[in-house]
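With mmCIF, C-alpha atoms inside, this is model_12.cif:
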data_work
loop_
_atom_site.label_atom_id
_atom_site.label_comp_id
_atom_site.auth_asym_id
_atom_site.auth_seq_id
_atom_site.Cartn_x
_atom_site.Cartn_y
_atom_site.Cartn_z
CA MET A 1 57.65 131.88 58.99
CA LYS A 2 55.98 131.86 55.59
CA GLN A 3 57.66 128.70 54.36
CA GLN A 4 59.12 125.51 55.78
CA ARG A 5 62.61 125.75 54.31
CA TYR A 6 64.84 128.74 53.62
CA ASP A 7 68.19 129.15 52.00
CA VAL A 8 69.44 130.78 55.21
CA VAL A 9 68.05 131.17 58.71
CA ILE A 10 69.73 133.90 60.75
CA VAL A 11 69.53 133.64 64.53
CA GLY A 12 69.76 137.14 65.97
CA GLY A 13 68.63 140.43 64.44
CA GLY A 14 71.24 142.94 65.54
CA ALA A 15 73.68 144.76 63.28
CA ALA A 16 75.47 141.57 62.22
CA GLY A 17 72.31 139.58 61.59
CA LEU A 18 70.50 142.31 59.68
CA SER A 19 73.59 143.09 57.61
CA GLY A 20 73.86 139.42 56.70
CA ALA A 21 70.15 139.34 55.89
CA LEU A 22 70.44 142.38 53.64
CA THR A 23 73.41 140.90 51.79
CA LEU A 24 71.72 137.54 51.26
CA ALA A 25 68.33 138.98 50.33
CA ARG A 26 69.98 141.18 47.72
CA ALA A 27 71.60 137.99 46.41
CA ARG A 28 68.05 136.67 45.88
CA ARG A 29 68.25 134.12 48.67
CA SER A 30 65.27 133.23 50.84
CA VAL A 31 66.16 134.50 54.30
CA LEU A 32 64.50 134.26 57.70
CA VAL A 33 65.74 136.27 60.68
CA ILE A 34 64.61 135.11 64.14
CA ASP A 35 65.25 137.75 66.78
CA ALA A 36 64.47 137.77 70.51
CA GLY A 37 64.41 141.58 70.67
CA GLU A 38 67.15 141.92 73.28
CA PRO A 39 69.92 144.02 71.68
CA ARG A 40 73.02 144.37 73.80
CA ASN A 41 73.20 148.13 73.25
CA ALA A 42 69.56 148.82 74.20
CA PRO A 43 70.58 150.81 77.34
CA ALA A 44 72.75 153.17 75.26
CA SER A 45 71.25 156.39 73.94
CA HIS A 46 73.22 156.50 70.70
CA VAL A 47 75.48 154.45 68.41
CA HIS A 48 78.90 155.98 67.75
CA ASN A 49 81.76 155.50 65.28
CA TYR A 50 79.29 154.24 62.65
CA LEU A 51 80.18 156.22 59.55
CA GLY A 52 77.06 157.73 58.01
CA ARG A 53 74.96 156.88 61.08
CA GLU A 54 76.90 158.62 63.86
CA SER A 55 74.75 159.28 66.97
CA THR A 56 71.79 157.26 65.69
CA PRO A 57 69.74 155.76 68.57
CA PRO A 58 70.21 151.96 68.65
CA GLY A 59 66.51 151.23 68.21
CA GLU A 60 66.30 153.54 65.22
CA LEU A 61 69.32 151.90 63.59
CA LEU A 62 67.73 148.46 63.99
CA ALA A 63 64.41 149.70 62.58
CA ILE A 64 66.22 151.09 59.55
CA GLY A 65 68.08 147.80 59.11
CA ARG A 66 64.91 145.73 59.38
CA GLY A 67 63.21 147.89 56.78
CA GLU A 68 66.13 147.64 54.39
CA ALA A 69 66.43 143.85 54.70
CA ALA A 70 62.66 143.36 54.42
CA GLY A 71 62.60 145.61 51.37
CA TYR A 72 64.62 142.97 49.53
CA GLY A 73 62.44 140.11 50.73
CA ALA A 74 64.01 138.97 54.00
CA GLU A 75 61.50 137.81 56.62
CA ILE A 76 61.99 138.95 60.20
CA VAL A 77 60.07 137.32 63.05
CA GLU A 78 60.19 137.68 66.82
CA GLY A 79 61.21 134.61 68.74
CA ARG A 80 63.91 132.93 70.76
CA VAL A 81 65.73 129.97 69.25
CA ALA A 82 66.08 127.05 71.66
CA SER A 83 68.30 124.82 69.53
CA ALA A 84 69.44 123.85 66.07
CA GLU A 85 70.31 120.45 64.66
CA ARG A 86 71.75 119.05 61.48
CA LEU A 87 69.27 117.16 59.32
CA SER A 88 70.15 113.72 58.07
CA GLY A 89 71.18 113.87 54.42
CA ASP A 90 69.00 112.62 51.59
CA GLY A 91 71.88 110.99 49.78
CA ASP A 92 72.92 113.86 47.54
CA GLY A 93 75.25 115.47 50.06
CA GLU A 94 73.09 118.56 50.55
CA GLN A 95 73.46 120.23 53.94
CA GLY A 96 70.49 121.18 56.03
CA PHE A 97 69.45 122.23 59.52
CA ARG A 98 66.33 122.40 61.65
CA VAL A 99 65.92 125.42 63.92
CA VAL A 100 63.49 125.13 66.85
CA THR A 101 62.16 128.11 68.80
CA GLU A 102 61.26 128.07 72.48
CA ASP A 103 57.54 128.16 71.65
CA GLY A 104 57.84 124.97 69.60
CA ARG A 105 57.94 126.36 66.08
CA SER A 106 60.48 124.86 63.71
CA VAL A 107 61.90 125.73 60.33
CA GLU A 108 64.55 124.26 58.05
CA ALA A 109 67.50 125.97 56.41
CA ARG A 110 70.23 125.08 53.98
CA ARG A 111 72.66 127.28 55.94
CA LEU A 112 72.74 128.99 59.34
CA LEU A 113 74.13 132.34 60.40
CA VAL A 114 74.24 132.82 64.18
CA THR A 115 74.57 136.40 65.42
CA THR A 116 73.37 136.07 69.00
CA GLY A 117 75.92 138.48 70.49
CA LEU A 118 77.09 138.48 74.09
CA VAL A 119 76.03 139.29 77.62
CA ASP A 120 77.82 141.95 79.68
CA GLU A 121 78.32 140.50 83.16
CA LEU A 122 78.89 143.41 85.53
CA PRO A 123 80.83 143.42 88.82
CA PRO A 124 78.57 142.77 91.85
CA VAL A 125 78.28 146.37 93.04
CA PRO A 126 74.79 147.66 93.92
CA GLY A 127 73.52 150.18 91.39
CA LEU A 128 75.79 149.34 88.46
CA ALA A 129 73.19 147.50 86.40
CA GLU A 130 70.65 150.31 86.75
CA ARG A 131 73.09 152.89 85.33
CA TRP A 132 74.66 150.58 82.71
CA GLY A 133 74.94 152.26 79.33
CA ARG A 134 74.10 155.64 80.86
CA GLU A 135 76.85 156.77 83.25
CA VAL A 136 78.32 153.31 83.90
CA LEU A 137 80.48 152.62 80.87
CA HIS A 138 83.16 150.31 79.54
CA CYS A 139 84.33 151.47 76.09
CA PRO A 140 86.09 154.84 75.66
CA TYR A 141 85.57 154.79 71.91
CA CYS A 142 81.85 154.22 72.38
CA HIS A 143 81.27 156.75 75.17
CA GLY A 144 84.45 158.73 75.84
CA HIS A 145 83.50 161.81 73.83
CA GLU A 146 80.16 162.06 75.64
CA VAL A 147 81.82 162.33 79.08
CA ALA A 148 84.87 164.31 77.98
CA ASP A 149 86.23 166.77 80.56
CA ARG A 150 83.93 165.42 83.26
CA PRO A 151 84.95 163.66 86.52
CA ILE A 152 85.39 159.97 85.63
CA GLY A 153 85.92 157.03 87.95
CA VAL A 154 87.42 153.67 87.05
CA LEU A 155 86.40 150.66 89.14
CA ALA A 156 89.27 148.20 89.54
CA THR A 157 88.23 144.55 89.55
CA GLY A 158 91.25 143.02 87.82
CA PRO A 159 94.73 143.61 86.39
CA LEU A 160 93.49 145.72 83.46
CA ALA A 161 92.23 148.58 85.62
CA VAL A 162 95.38 150.70 85.32
CA HIS A 163 95.25 150.27 81.56
CA GLN A 164 91.63 151.43 81.63
CA ALA A 165 92.45 154.48 83.74
CA LEU A 166 95.27 155.54 81.43
CA MET A 167 92.99 155.04 78.40
CA TRP A 168 90.19 157.18 79.80
CA ARG A 169 92.69 159.87 80.77
CA GLN A 170 92.71 160.73 77.05
CA TRP A 171 89.18 162.10 77.42
CA SER A 172 89.39 163.84 80.79
CA GLU A 173 92.00 165.32 83.12
CA ASP A 174 89.89 164.31 86.12
CA VAL A 175 90.18 160.53 86.39
CA THR A 176 90.12 158.57 89.67
CA LEU A 177 91.02 154.89 89.97
CA PHE A 178 89.08 153.10 92.72
CA LEU A 179 91.15 150.07 93.74
CA HIS A 180 88.03 148.25 95.04
CA THR A 181 88.81 144.51 94.60
CA GLY A 182 91.53 144.96 92.01
CA SER A 183 95.18 144.19 92.56
CA GLU A 184 97.58 146.76 93.96
CA PRO A 185 99.29 148.64 91.11
CA SER A 186 103.00 148.05 90.70
CA GLU A 187 105.55 150.80 91.36
CA GLU A 188 105.81 151.39 87.63
CA GLU A 189 102.04 151.64 87.32
CA TYR A 190 101.81 154.04 90.26
CA GLU A 191 104.41 156.21 88.54
CA GLN A 192 102.42 156.14 85.28
CA LEU A 193 99.23 157.08 87.08
CA ALA A 194 100.95 159.90 88.96
CA ALA A 195 102.56 161.20 85.78
CA ARG A 196 99.18 161.39 84.09
CA GLY A 197 97.48 162.92 87.11
CA VAL A 198 95.20 159.95 87.84
CA ALA A 199 94.14 159.85 91.49
CA VAL A 200 94.04 156.50 93.30
CA VAL A 201 91.50 155.71 96.04
CA ASP A 202 91.87 152.71 98.38
CA GLY A 203 88.97 150.72 99.78
CA GLU A 204 86.05 148.77 98.39
CA VAL A 205 83.16 150.46 96.66
CA ALA A 206 79.82 149.84 98.38
CA GLY A 207 77.49 151.48 95.86
CA LEU A 208 76.61 154.46 93.72
CA GLU A 209 75.15 157.80 94.68
CA VAL A 210 72.22 158.90 92.50
CA ALA A 211 70.23 162.14 92.64
CA ASP A 212 67.38 163.17 90.32
CA ASP A 213 68.04 160.05 88.23
CA ARG A 214 71.68 160.99 87.65
CA PHE A 215 74.81 159.28 88.93
CA THR A 216 76.64 161.71 91.20
CA GLY A 217 79.33 159.75 93.00
CA VAL A 218 80.95 156.58 94.28
CA ARG A 219 80.20 155.50 97.84
CA LEU A 220 82.98 153.59 99.59
CA ALA A 221 82.46 150.98 102.28
CA SER A 222 83.92 153.50 104.74
CA GLY A 223 81.02 155.85 103.98
CA ARG A 224 83.14 158.33 102.05
CA VAL A 225 81.58 159.58 98.82
CA VAL A 226 83.76 160.66 95.91
CA ALA A 227 81.90 162.85 93.42
CA ARG A 228 81.97 161.45 89.88
CA GLU A 229 79.80 161.85 86.78
CA ALA A 230 80.78 158.63 85.00
CA LEU A 231 82.09 155.28 86.18
CA VAL A 232 84.09 152.86 84.04
CA VAL A 233 83.86 149.13 84.76
CA GLN A 234 85.31 145.97 83.24
CA ALA A 235 82.39 143.75 82.30
CA ARG A 236 82.93 140.11 81.49
CA PHE A 237 81.88 139.46 77.91
CA THR A 238 80.09 136.11 77.74
CA ALA A 239 79.02 134.89 74.32
CA ARG A 240 75.40 133.88 73.88
CA SER A 241 76.53 130.54 72.56
CA ALA A 242 73.64 128.18 73.38
CA VAL A 243 72.48 127.77 69.77
CA LEU A 244 76.00 127.14 68.53
CA GLU A 245 76.66 124.72 71.39
CA SER A 246 73.56 122.75 70.40
CA LEU A 247 75.40 122.13 67.11
CA GLY A 248 78.55 120.93 68.87
CA LEU A 249 80.46 124.20 68.90
CA LYS A 250 82.02 125.25 72.21
CA ALA A 251 82.79 128.69 73.55
CA VAL A 252 86.42 129.28 74.53
CA ALA A 253 88.09 131.82 76.80
CA GLN A 254 89.19 135.16 75.37
CA GLU A 255 92.33 136.68 76.88
CA MET A 256 93.68 140.21 76.79
CA GLY A 257 97.08 140.87 78.25
CA GLY A 258 97.00 137.46 79.88
CA VAL A 259 93.65 138.17 81.54
CA VAL A 260 90.45 136.31 80.64
CA ILE A 261 87.87 138.92 79.63
CA GLY A 262 85.14 136.57 78.44
CA SER A 263 84.19 133.76 76.10
CA TYR A 264 83.58 133.52 72.35
CA VAL A 265 82.92 130.92 69.66
CA PRO A 266 85.83 130.63 67.18
CA ALA A 267 85.19 131.34 63.51
CA ASP A 268 87.38 132.16 60.53
CA PRO A 269 87.54 135.68 58.96
CA THR A 270 84.40 134.98 56.91
CA GLY A 271 82.51 133.74 59.97
CA ALA A 272 82.68 130.06 59.02
CA THR A 273 82.75 127.78 62.07
CA GLU A 274 84.09 124.25 62.42
CA VAL A 275 80.62 122.90 61.60
CA PRO A 276 80.07 122.92 57.81
CA GLY A 277 77.14 125.10 56.86
CA VAL A 278 77.21 127.18 60.06
CA TRP A 279 78.54 130.74 60.21
CA ALA A 280 78.77 133.14 63.14
CA ALA A 281 79.23 136.92 63.11
CA GLY A 282 79.32 139.84 65.51
CA ASN A 283 80.00 139.77 69.24
CA VAL A 284 79.33 136.04 69.63
CA THR A 285 82.65 135.45 67.88
CA ARG A 286 84.41 138.83 68.33
CA LEU A 287 83.93 140.18 71.83
CA THR A 288 85.32 143.67 71.35
CA GLU A 289 83.62 144.40 68.02
CA GLN A 290 81.68 147.65 67.81
CA VAL A 291 78.41 148.03 65.90
CA ILE A 292 79.97 149.01 62.59
CA GLY A 293 82.38 146.07 62.83
CA ALA A 294 79.51 143.69 63.58
CA ALA A 295 77.67 144.97 60.50
CA ALA A 296 80.79 144.44 58.41
CA ALA A 297 81.13 140.88 59.77
CA GLY A 298 77.52 140.18 58.81
CA LEU A 299 78.23 141.37 55.27
CA MET A 300 81.32 139.16 55.06
CA ALA A 301 79.43 136.12 56.33
CA GLY A 302 76.51 136.77 54.02
CA GLY A 303 78.80 136.87 51.00
CA ALA A 304 80.57 133.70 52.08
CA ILE A 305 77.29 131.86 52.62
CA ASN A 306 75.97 132.90 49.22
CA GLY A 307 79.21 131.71 47.62
CA ASP A 308 78.87 128.37 49.39
CA LEU A 309 75.28 128.01 48.19
CA ILE A 310 76.30 128.89 44.63
CA ALA A 311 78.86 126.09 44.75
CA GLU A 312 76.21 123.66 45.96
CA ASP A 313 73.69 124.85 43.35
CA THR A 314 76.31 124.31 40.67
CA ARG A 315 77.12 120.79 41.87
CA ASP A 316 73.42 119.95 41.87
CA ALA A 317 72.96 121.36 38.36
CA VAL A 318 75.91 119.40 37.03
CA ALA A 319 74.59 116.19 38.62
CA ALA A 320 71.12 116.82 37.16
CA ARG A 321 72.61 117.47 33.73
CA ARG A 322 74.57 114.24 33.85
CA ARG A 323 71.48 112.29 34.88
CA GLY A 324 69.40 113.86 32.16
#

Have the structure of the file written as structure tokens, please.
Amino acid sequence: MKQQRYDVVIVGGGAAGLSGALTLARARRSVLVIDAGEPRNAPASHVHNYLGRESTPPGELLAIGRGEAAGYGAEIVEGRVASAERLSGDGDGEQGFRVVTEDGRSVEARRLLVTTGLVDELPPVPGLAERWGREVLHCPYCHGHEVADRPIGVLATGPLAVHQALMWRQWSEDVTLFLHTGSEPSEEEYEQLAARGVAVVDGEVAGLEVADDRFTGVRLASGRVVAREALVVQARFTARSAVLESLGLKAVAQEMGGVVIGSYVPADPTGATEVPGVWAAGNVTRLTEQVIGAAAAGLMAGGAINGDLIAEDTRDAVAARRRG
């Protein structure tokens, strides 16, 4: 932190945060990015569906982004933000915030952009977390091509499991739905599964079979093992909303098909929140956004923040002119 006050402090240095930093730094704003170094996609081997960067390793993409943003003057520091608070005004209506890190450092900003992402909360099945992002997957558009034509399992933990199984059937003819703790499919759903050749296995899943550091099958509580090479789960997407909540913003439930899939902090299309001067972008406000979408959201928020600062700069200049 080379200075005490920045035009914009960005909390979180993933695709959304770095994209916002690049946009704002190119607009000649002073920008500080504070990042804890815990990207959600760290377990994944590659980023997909990112035009121009297809199959780039996540760490490499972040390194490229940091270099690009820093090349235009953005500062990027490692740290974890504990809280943020609005500063009392000095009488001229200017907005301002203080950001405090867990190690006690603090810095001020005219505007905030929060891009803290989300946490994937996995079903409580032994072995899932260790294989997460490798053979334990959730998004067919992120990972479907990589496991195409291989034996895929879908772990049912809620009403969306049949939908998941039918989705993943697009990538493989060998899909098995493990009912586990999910609800019994309806007659119509059973017919759909049968028509698409999706096998259904009763009984709870007790764990995963792994050999030579590769997932090889699903072990049922009965002891039966069903050979699989990939397992699809429905994670709960919980927004990392602590910083936003310290400013009075609350996370709300996100539903899909009448089922709660996680929590997010509402923001408008530009990322503006209900708190003036605070923007949010990426998975903290859009749970199902992929990396390229998060980067686009960071760009949108960065442009909106710069426009807001221009308006404030203009008001200040007009007031100074009138005084002088």

- request: List the neighbours of Gly262 in chain A out to 8 Å using all atoms listed in the file; skip same-chain residues closer than 5 positions along the sequence, and give me the result as a PyMOL selection string.
  value: chain A and resi 236-239+253-255+287

For the residues in the current selection, export C-alpha atoms as a PDB file, in the coordinates of the input.
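Result file is out37.pdb:
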ATOM      1  CA  ARG A 236      82.930 140.110  81.490  1.00  0.00           C
ATOM      2  CA  PHE A 237      81.880 139.460  77.910  1.00  0.00           C
ATOM      3  CA  THR A 238      80.090 136.110  77.740  1.00  0.00           C
ATOM      4  CA  ALA A 239      79.020 134.890  74.320  1.00  0.00           C
ATOM      5  CA  ALA A 253      88.090 131.820  76.800  1.00  0.00           C
ATOM      6  CA  GLN A 254      89.190 135.160  75.370  1.00  0.00           C
ATOM      7  CA  GLU A 255      92.330 136.680  76.880  1.00  0.00           C
ATOM      8  CA  LEU A 287      83.930 140.180  71.830  1.00  0.00           C
TER       9      LEU A 287
END

task: Name the residues that the PyMOL selection byres ((chain A and resi 14-17) around 6) pulls out of this structure, and write them as a ChimeraX atom specification.
output: /A:12-13,18-20,115,282,294-295,298

message: For a quick check of understanding, using all atoms listed in the file, which of A:Pro126, A:Pro185, A:Gly307, A:Gly117 has the smallest distance to Gln290 in chain A?
response: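 Closest residue, counting all atoms listed in the file: A:Gly117.
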
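Taking CA of Gln164 in chain A and CA of Pro140 in chain A as the two end points, the separation is 8.8 Å.
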
field: Contacts of Gly127 in chain A within 12 Å, all atoms listed in the file, excl. fewer than 6 positions in-chain, as number ranges by chain
entry: A: 134-136, 205-210, 213-219, 231

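For the set A:Thr116, A:Gln95, A:Thr56, A:Gln234, the residue with the smallest atom-to-atom gap to Ala281 in chain A is A:Thr116, counting all atoms listed in the file.
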
field: Spatial neighbours of Val175 in chain A, max dist 10 Å, only C-alpha atoms, sep filter under 4 positions, as a PyMOL selection string
entry: chain A and resi 149-154+165-166+168-171+193+196-200+228+230-231

task: Determine the nearest neighbour of Arg240 in chain A from the options A:Pro39, A:Gly158, A:Gly133, A:Gly71, counting all atoms listed in the file.
output: A:Pro39

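Here CA of Asp268 in chain A is placed at a distance of 11.0 Å from CA of Ala304 in chain A.
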
query: Hey, which of A:Val8, A:Arg53, A:Leu247, A:Val259 ends up closest to Glu274 in chain A? Count all atoms listed in the file.
result: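 Closest to Glu274 in chain A of all the choices is A:Leu247.
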
query: Can you tell me how far CA of Asn283 in chain A sits from CA of Leu155 in chain A, in Å to one decimal?
result: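 CA of Leu155 in chain A lies at a distance of 23.6 Å from CA of Asn283 in chain A.
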
message: Counting only C-alpha atoms, which residue out of A:Ser186, A:Asn306, A:Ser30, A:Ser222 sits closest to Glu75 in chain A?
response: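 Distance minimum relative to Glu75 in chain A lands on A:Ser30.
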